[in-house]
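**Student:** Handing you a structure now.
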Amino acid sequence: MPYVIPPSPVVGLPVDGTDALFPVRRVYCVGRNYAAHVREMGFDPSREPPFFFCKPNDDASVVPVPAGTVATLPYPPQTGDYHYEAELVVAIGQGGRDIAVEQAAQHIYGYAAGLDMTRRDLQIAARDKGRPWETGKAFDYSAPIGPLRRRADVGALDGASLVLEVDGQVRQQSTTAHLIWSVEEIISRLSALFALEAGDLVFTGTPEGVGAVSPGQTLALRIDGLAPLAARIA
Ligand code: MN
């Protein structure tokens, strides 16, 4: 049957070493998954575990950033506190539900560097009223993602360093060894809540050092073993 209006296109992420694209299905995110970031947001990491939220998967929200290019991120409306959050993104290559931690690695297709861009003022206002986070997290251009690298090519990325610079100044510097929930634990817990499918992405959380950016500034994220991600705020 034809559609009455054109359907939204599937977003495809470049994959290092191939001309084929990784088709994005859902975009899951983990909140408060690095202890020092939990503390900078005013919470106690020993008192509550990380949690999940989602971003849209459409081609307005997810911004594939091919290697060697600089994405343009328009400064979003209705905010005066537009933040970067540098994150390791995991791409699911094999679906499943109730996946055991020990089996989780088999479900990983690969990894990418990603930015969980956030309207912090709107997120905090919603958070403090017990309201959903979409206005703070799920806006257009909120999920720029660099090229995927296959797990088969890059390995597990345990303890990979992660560095985010704004205009050449280091603002976030950590390692995936500091994740509260490891990548395998994230997949296991997420798959207990949702049936995972090939094509799903998971933003695994950001370390400390989040902050605001303004038009004209450039973000550069490097994660060991992955293609760097660059974006300019317009
Ligand atoms: Mn985040």
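Following the order of the structure tokens, first chain is A, next is B, and so on, with residues numbered from 1 inside each chain and ligands from 1 in the order they appear.
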For ligand 1, list the contacting residues at 7 Å or closer, counting only C-alpha atoms and all ligand atoms, as a PyMOL selection string.
**Tutor:** chain A and resi 29-31+85+87+116+203+205-206
**Student:** Extract, using only C-alpha atoms, all DNA, RNA and protein residues at most 10 Å from Pro56 (chain A), discarding same-chain residues fewer than 5 positions from it, and format them as a list in words.
**Tutor:**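 In the requested format, the answer is Arg25, Arg26, Val27, Tyr28, Ser61, Val62, Glu134, Lys137, Ala138, Phe139, Asp140, Ser142 and Ala143 of chain A.
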**Student:** For Ala91 (chain A), work out the shell of residues within 7 Å, counting only C-alpha atoms and skipping chain neighbours fewer than 3 positions away, then give it as a list of chain:residue names.
**Tutor:**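 Contacts, with the query itself left out: A:Ile108, A:Tyr109, A:Gly110, A:Tyr111, A:Gly199, A:Asp200, A:Leu201, A:Val202.
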**Student:** Output as number ranges by chain all residues of region 41-130 of chain A that backbone DSSP marks as alpha helix (DSSP H).
**Tutor:** A: 120-128
**Student:** Suppose you want the space between CA of Leu164 (chain A) and CA of Thr118 (chain A); what is it in Å?
**Tutor:**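 That distance, rounded to one decimal, is 15.3 Å.
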**Student:** Go through A:Pro6, A:Pro132, A:Pro74, A:Gly155 one by one, measure the shortest atom-to-atom distance of each to Phe53 (chain A) using only C-alpha atoms, and give the residue with the smallest value.
**Tutor:**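 Once distances to Phe53 (chain A) are computed over only C-alpha atoms, the minimum belongs to A:Pro132.
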**Student:** Could you go through region 19-174 of chain A and tell me which residues DSSP, when run on the backbone, assigns to strand (DSSP E), listing them as a VMD selection string?
**Tutor:** chain A and resid 21 to 23 27 to 31 51 to 55 62 to 64 70 to 73 82 to 84 86 to 92 108 to 115 118 to 119 143 to 145 149 to 150 161 to 166 169 to 174
